[in-house]
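K.L.:
Below are the structure tokens for one structure; questions will follow.
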Amino acid sequence: MAFVRIDNRLVHGQIIETWLPFTRARVIVVVNDALAADFLRQEIMSLAIPAGVRIEFLPVAGLLPFLTRTPGCDDALILFSNCHDARNRLRRGFGFTALNWAISITPRGKSRFAPMWPWSREDECCLDFFRDRGVRLDYRCVPSDPPS
């Protein structure tokens with residue numbers, strides 16, 4: 001089963017050094033409309049990917065078709081930059097039972113409910129959507145943090 005994470009930084013050191021070994025993923029799927037169209041940023045992020053790990057940059061609407069036609073993605077690490085995109089994919093047929101949320105930057109208009117999580121009313125509604133559908137929510141930045 002794929003490991004699904006919301007992290008507005010997408011590919012960065014914690015992903016490569018902690019989450020990739022923790023999940024044992026051989027494929028990282030970055031789901032973000034802006035990044036899917038930005039080949040320079042893709043190249044820069046790809047430089048950090050270890051040998052033997054594949055990375056794909058997809059628009060939000062491209063996730064399900066990609067997973068359907070690509071074998072070997074059952075153990076992928078799937079990265080969304082925001083809750084809205086992850087909710088959109090769940091509504092459109094991408095099923096997952098757990099969601100890891102680890103955003104560390106507080107945008108304007110958001111407060112923190114915990115040291116590392118910016119929170120808005122929209123985020124709260126989005127996460128209620130997941131809870132109402134039985135998706136287990138996991139708030140932690142790195143695997144060694146206790147799940148909360």
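Starting from 1 in every chain, residues are counted up; chains themselves are A, B, ... following the order of the structure tokens, and ligands are numbered from 1 as listed.
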Quick one: DSSP helix (DSSP H, G or I) residues in segment 30-93 of chain A, as an NGL selection string?
P.N.:
:A and (33-36 or 39-46 or 60-69 or 83-91)
K.L.:
Convert the current residue selection to file output with C-alpha atoms, as an mmCIF file, in the first residue's frame.
P.N.:
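Everything below was put into selection.cif:
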data_model
loop_
_atom_site.group_PDB
_atom_site.id
_atom_site.type_symbol
_atom_site.label_atom_id
_atom_site.label_comp_id
_atom_site.auth_asym_id
_atom_site.auth_seq_id
_atom_site.Cartn_x
_atom_site.Cartn_y
_atom_site.Cartn_z
ATOM 1 C CA ASP A 33 0.075 20.878 -10.783
ATOM 2 C CA ALA A 34 2.661 23.672 -10.663
ATOM 3 C CA LEU A 35 5.637 21.348 -10.246
ATOM 4 C CA ALA A 36 4.393 19.002 -12.984
ATOM 5 C CA PHE A 39 10.917 21.108 -15.533
ATOM 6 C CA LEU A 40 13.722 23.129 -13.943
ATOM 7 C CA ARG A 41 12.397 22.511 -10.414
ATOM 8 C CA GLN A 42 11.904 18.843 -11.306
ATOM 9 C CA GLU A 43 15.531 18.570 -12.369
ATOM 10 C CA ILE A 44 16.709 20.230 -9.164
ATOM 11 C CA MET A 45 14.606 17.935 -6.956
ATOM 12 C CA SER A 46 15.663 14.877 -8.945
ATOM 13 C CA VAL A 60 -3.162 16.148 -9.613
ATOM 14 C CA ALA A 61 -5.499 14.731 -12.274
ATOM 15 C CA GLY A 62 -2.714 12.439 -13.532
ATOM 16 C CA LEU A 63 -2.232 10.400 -10.353
ATOM 17 C CA LEU A 64 -4.897 7.735 -10.794
ATOM 18 C CA PRO A 65 -4.181 7.105 -14.502
ATOM 19 C CA PHE A 66 -0.473 6.809 -13.683
ATOM 20 C CA LEU A 67 -1.046 4.324 -10.851
ATOM 21 C CA THR A 68 -3.475 2.318 -12.987
ATOM 22 C CA ARG A 69 -1.069 1.898 -15.916
ATOM 23 C CA CYS A 83 -4.813 18.827 1.897
ATOM 24 C CA HIS A 84 -7.121 19.999 -0.887
ATOM 25 C CA ASP A 85 -5.262 17.985 -3.553
ATOM 26 C CA ALA A 86 -5.196 14.829 -1.423
ATOM 27 C CA ARG A 87 -8.940 15.169 -0.713
ATOM 28 C CA ASN A 88 -9.599 15.711 -4.414
ATOM 29 C CA ARG A 89 -7.811 12.464 -5.303
ATOM 30 C CA LEU A 90 -9.653 10.467 -2.622
ATOM 31 C CA ARG A 91 -12.964 11.755 -4.003
#
K.L.:
Apply DSSP to the backbone of this structure and, from chain A, keep only the residues in strand (DSSP E or B); write these as a VMD selection string.
P.N.:
chain A and resid 3 to 6 27 to 31 54 to 58 77 to 80 98 to 101 111 to 114 117 to 119 136 to 139
K.L.:
I need the chosen residues saved as a compact mmCIF listing (two decimals), in the first residue's frame, with N, CA, C and O atoms.
P.N.:
# COMPACT_ATOMS: atom_id res chain seq x y z
N PHE A 3 2.35 4.94 0.66
CA PHE A 3 2.42 5.84 1.80
C PHE A 3 2.10 7.24 1.28
O PHE A 3 2.77 7.75 0.39
N VAL A 4 1.05 7.85 1.82
CA VAL A 4 0.56 9.14 1.35
C VAL A 4 0.90 10.21 2.38
O VAL A 4 0.60 10.06 3.56
N ARG A 5 1.51 11.29 1.91
CA ARG A 5 1.99 12.36 2.79
C ARG A 5 1.63 13.72 2.21
O ARG A 5 1.73 13.93 1.01
N ILE A 6 1.23 14.64 3.08
CA ILE A 6 1.06 16.04 2.72
C ILE A 6 2.25 16.78 3.30
O ILE A 6 2.49 16.74 4.51
N VAL A 27 9.61 4.14 -5.52
CA VAL A 27 9.06 5.18 -6.39
C VAL A 27 8.54 6.32 -5.52
O VAL A 27 7.82 6.08 -4.56
N ILE A 28 8.94 7.54 -5.86
CA ILE A 28 8.38 8.74 -5.25
C ILE A 28 7.49 9.39 -6.31
O ILE A 28 7.94 9.64 -7.42
N VAL A 29 6.25 9.65 -5.94
CA VAL A 29 5.30 10.29 -6.85
C VAL A 29 4.94 11.65 -6.25
O VAL A 29 4.31 11.72 -5.20
N VAL A 30 5.37 12.71 -6.92
CA VAL A 30 5.09 14.07 -6.48
C VAL A 30 3.87 14.55 -7.26
O VAL A 30 3.90 14.62 -8.48
N VAL A 31 2.80 14.85 -6.53
CA VAL A 31 1.53 15.22 -7.15
C VAL A 31 1.28 16.70 -6.90
O VAL A 31 0.88 17.10 -5.81
N ARG A 54 12.99 5.73 -8.29
CA ARG A 54 12.39 6.45 -9.41
C ARG A 54 11.56 7.61 -8.86
O ARG A 54 10.94 7.48 -7.81
N ILE A 55 11.52 8.72 -9.58
CA ILE A 55 10.68 9.84 -9.18
C ILE A 55 9.81 10.25 -10.36
O ILE A 55 10.27 10.25 -11.51
N GLU A 56 8.56 10.54 -10.07
CA GLU A 56 7.59 10.98 -11.07
C GLU A 56 6.96 12.27 -10.58
O GLU A 56 6.63 12.39 -9.40
N PHE A 57 6.77 13.22 -11.48
CA PHE A 57 6.11 14.48 -11.19
C PHE A 57 4.82 14.52 -11.99
O PHE A 57 4.86 14.49 -13.23
N LEU A 58 3.69 14.55 -11.29
CA LEU A 58 2.40 14.45 -11.98
C LEU A 58 1.47 15.60 -11.60
O LEU A 58 1.49 16.05 -10.45
N LEU A 77 5.88 6.21 -2.41
CA LEU A 77 5.76 7.33 -1.49
C LEU A 77 5.10 8.44 -2.29
O LEU A 77 5.68 8.96 -3.25
N ILE A 78 3.86 8.78 -1.94
CA ILE A 78 3.09 9.75 -2.71
C ILE A 78 3.02 11.05 -1.91
O ILE A 78 2.57 11.07 -0.76
N LEU A 79 3.48 12.14 -2.53
CA LEU A 79 3.58 13.43 -1.87
C LEU A 79 2.61 14.44 -2.48
O LEU A 79 2.65 14.70 -3.69
N PHE A 80 1.76 14.99 -1.64
CA PHE A 80 0.89 16.10 -2.01
C PHE A 80 1.39 17.34 -1.29
O PHE A 80 1.91 17.25 -0.17
N ALA A 98 -4.50 5.69 5.20
CA ALA A 98 -3.75 6.50 6.17
C ALA A 98 -3.15 7.69 5.44
O ALA A 98 -2.82 7.61 4.26
N LEU A 99 -3.02 8.79 6.17
CA LEU A 99 -2.48 10.02 5.62
C LEU A 99 -1.54 10.64 6.64
O LEU A 99 -1.93 10.90 7.77
N ASN A 100 -0.30 10.87 6.23
CA ASN A 100 0.70 11.52 7.07
C ASN A 100 0.74 12.99 6.69
O ASN A 100 0.85 13.32 5.52
N TRP A 101 0.63 13.87 7.69
CA TRP A 101 0.66 15.31 7.43
C TRP A 101 1.84 15.91 8.18
O TRP A 101 1.93 15.82 9.38
N SER A 111 -2.91 29.36 11.89
CA SER A 111 -2.32 29.28 13.22
C SER A 111 -1.78 27.86 13.38
O SER A 111 -1.98 27.01 12.53
N ARG A 112 -1.10 27.61 14.47
CA ARG A 112 -0.54 26.28 14.71
C ARG A 112 -1.34 25.56 15.78
O ARG A 112 -1.58 26.10 16.84
N PHE A 113 -1.73 24.30 15.49
CA PHE A 113 -2.37 23.52 16.54
C PHE A 113 -1.34 22.69 17.27
O PHE A 113 -1.60 22.16 18.33
N ALA A 114 -0.17 22.57 16.71
CA ALA A 114 0.95 21.86 17.33
C ALA A 114 2.22 22.52 16.81
O ALA A 114 2.16 23.29 15.86
N TRP A 117 2.55 22.23 12.86
CA TRP A 117 1.42 22.14 11.94
C TRP A 117 0.62 23.42 11.86
O TRP A 117 -0.11 23.76 12.75
N PRO A 118 0.74 24.11 10.74
CA PRO A 118 -0.14 25.25 10.51
C PRO A 118 -1.57 24.75 10.26
O PRO A 118 -1.75 23.68 9.71
N TRP A 119 -2.52 25.51 10.66
CA TRP A 119 -3.89 25.04 10.65
C TRP A 119 -4.82 26.17 10.24
O TRP A 119 -4.70 27.27 10.75
N ARG A 136 -6.97 7.09 8.54
CA ARG A 136 -6.21 7.33 9.77
C ARG A 136 -5.25 8.50 9.52
O ARG A 136 -4.48 8.49 8.56
N LEU A 137 -5.29 9.50 10.39
CA LEU A 137 -4.45 10.69 10.25
C LEU A 137 -3.24 10.57 11.17
O LEU A 137 -3.36 10.22 12.34
N ASP A 138 -2.09 10.84 10.62
CA ASP A 138 -0.80 10.69 11.30
C ASP A 138 -0.06 12.01 11.18
O ASP A 138 0.30 12.42 10.08
N TYR A 139 0.13 12.70 12.31
CA TYR A 139 0.80 14.00 12.31
C TYR A 139 2.22 13.83 12.86
O TYR A 139 2.39 13.71 14.06
K.L.:
Please provide the set of residues having any atom within 6 Å of Ala2 of chain A, restricted to only C-alpha atoms, with same-chain residues fewer than 6 positions apart removed, written as a compact mmCIF listing (two decimals) with N, CA and C atoms, in the first residue's frame.
P.N.:
# COMPACT_ATOMS: atom_id res chain seq x y z
N ASP A 74 2.67 -0.02 -5.84
CA ASP A 74 1.94 -0.33 -4.61
C ASP A 74 2.67 0.18 -3.37
N ASP A 75 3.99 0.27 -3.44
CA ASP A 75 4.77 0.71 -2.30
C ASP A 75 5.36 2.10 -2.52
N ALA A 76 4.68 2.91 -3.32
CA ALA A 76 5.19 4.25 -3.63
C ALA A 76 5.04 5.20 -2.44
N LEU A 77 5.88 6.21 -2.41
CA LEU A 77 5.76 7.33 -1.49
C LEU A 77 5.10 8.44 -2.29
K.L.:
I'd like the interatomic distance between atom CA of Ser81 of chain A and atom CA of Arg121 of chain A, to a tenth of an Å.
P.N.:
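For atom CA of Ser81 of chain A relative to atom CA of Arg121 of chain A, the distance reads 17.2 Å.
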K.L.:
Could you tell me which of A:Val11, A:Ala37, A:Met1, A:Ile49 comes closest to Gly72 of chain A if we count only C-alpha atoms?
P.N.:
A:Met1
K.L.:
Near Gln14 of chain A, counting only C-alpha atoms, which residues have an atom at most 7 Å away, once you skip same-chain residues fewer than 4 positions from it, shown as a PyMOL selection string?
P.N.:
chain A and resi 18-19+142
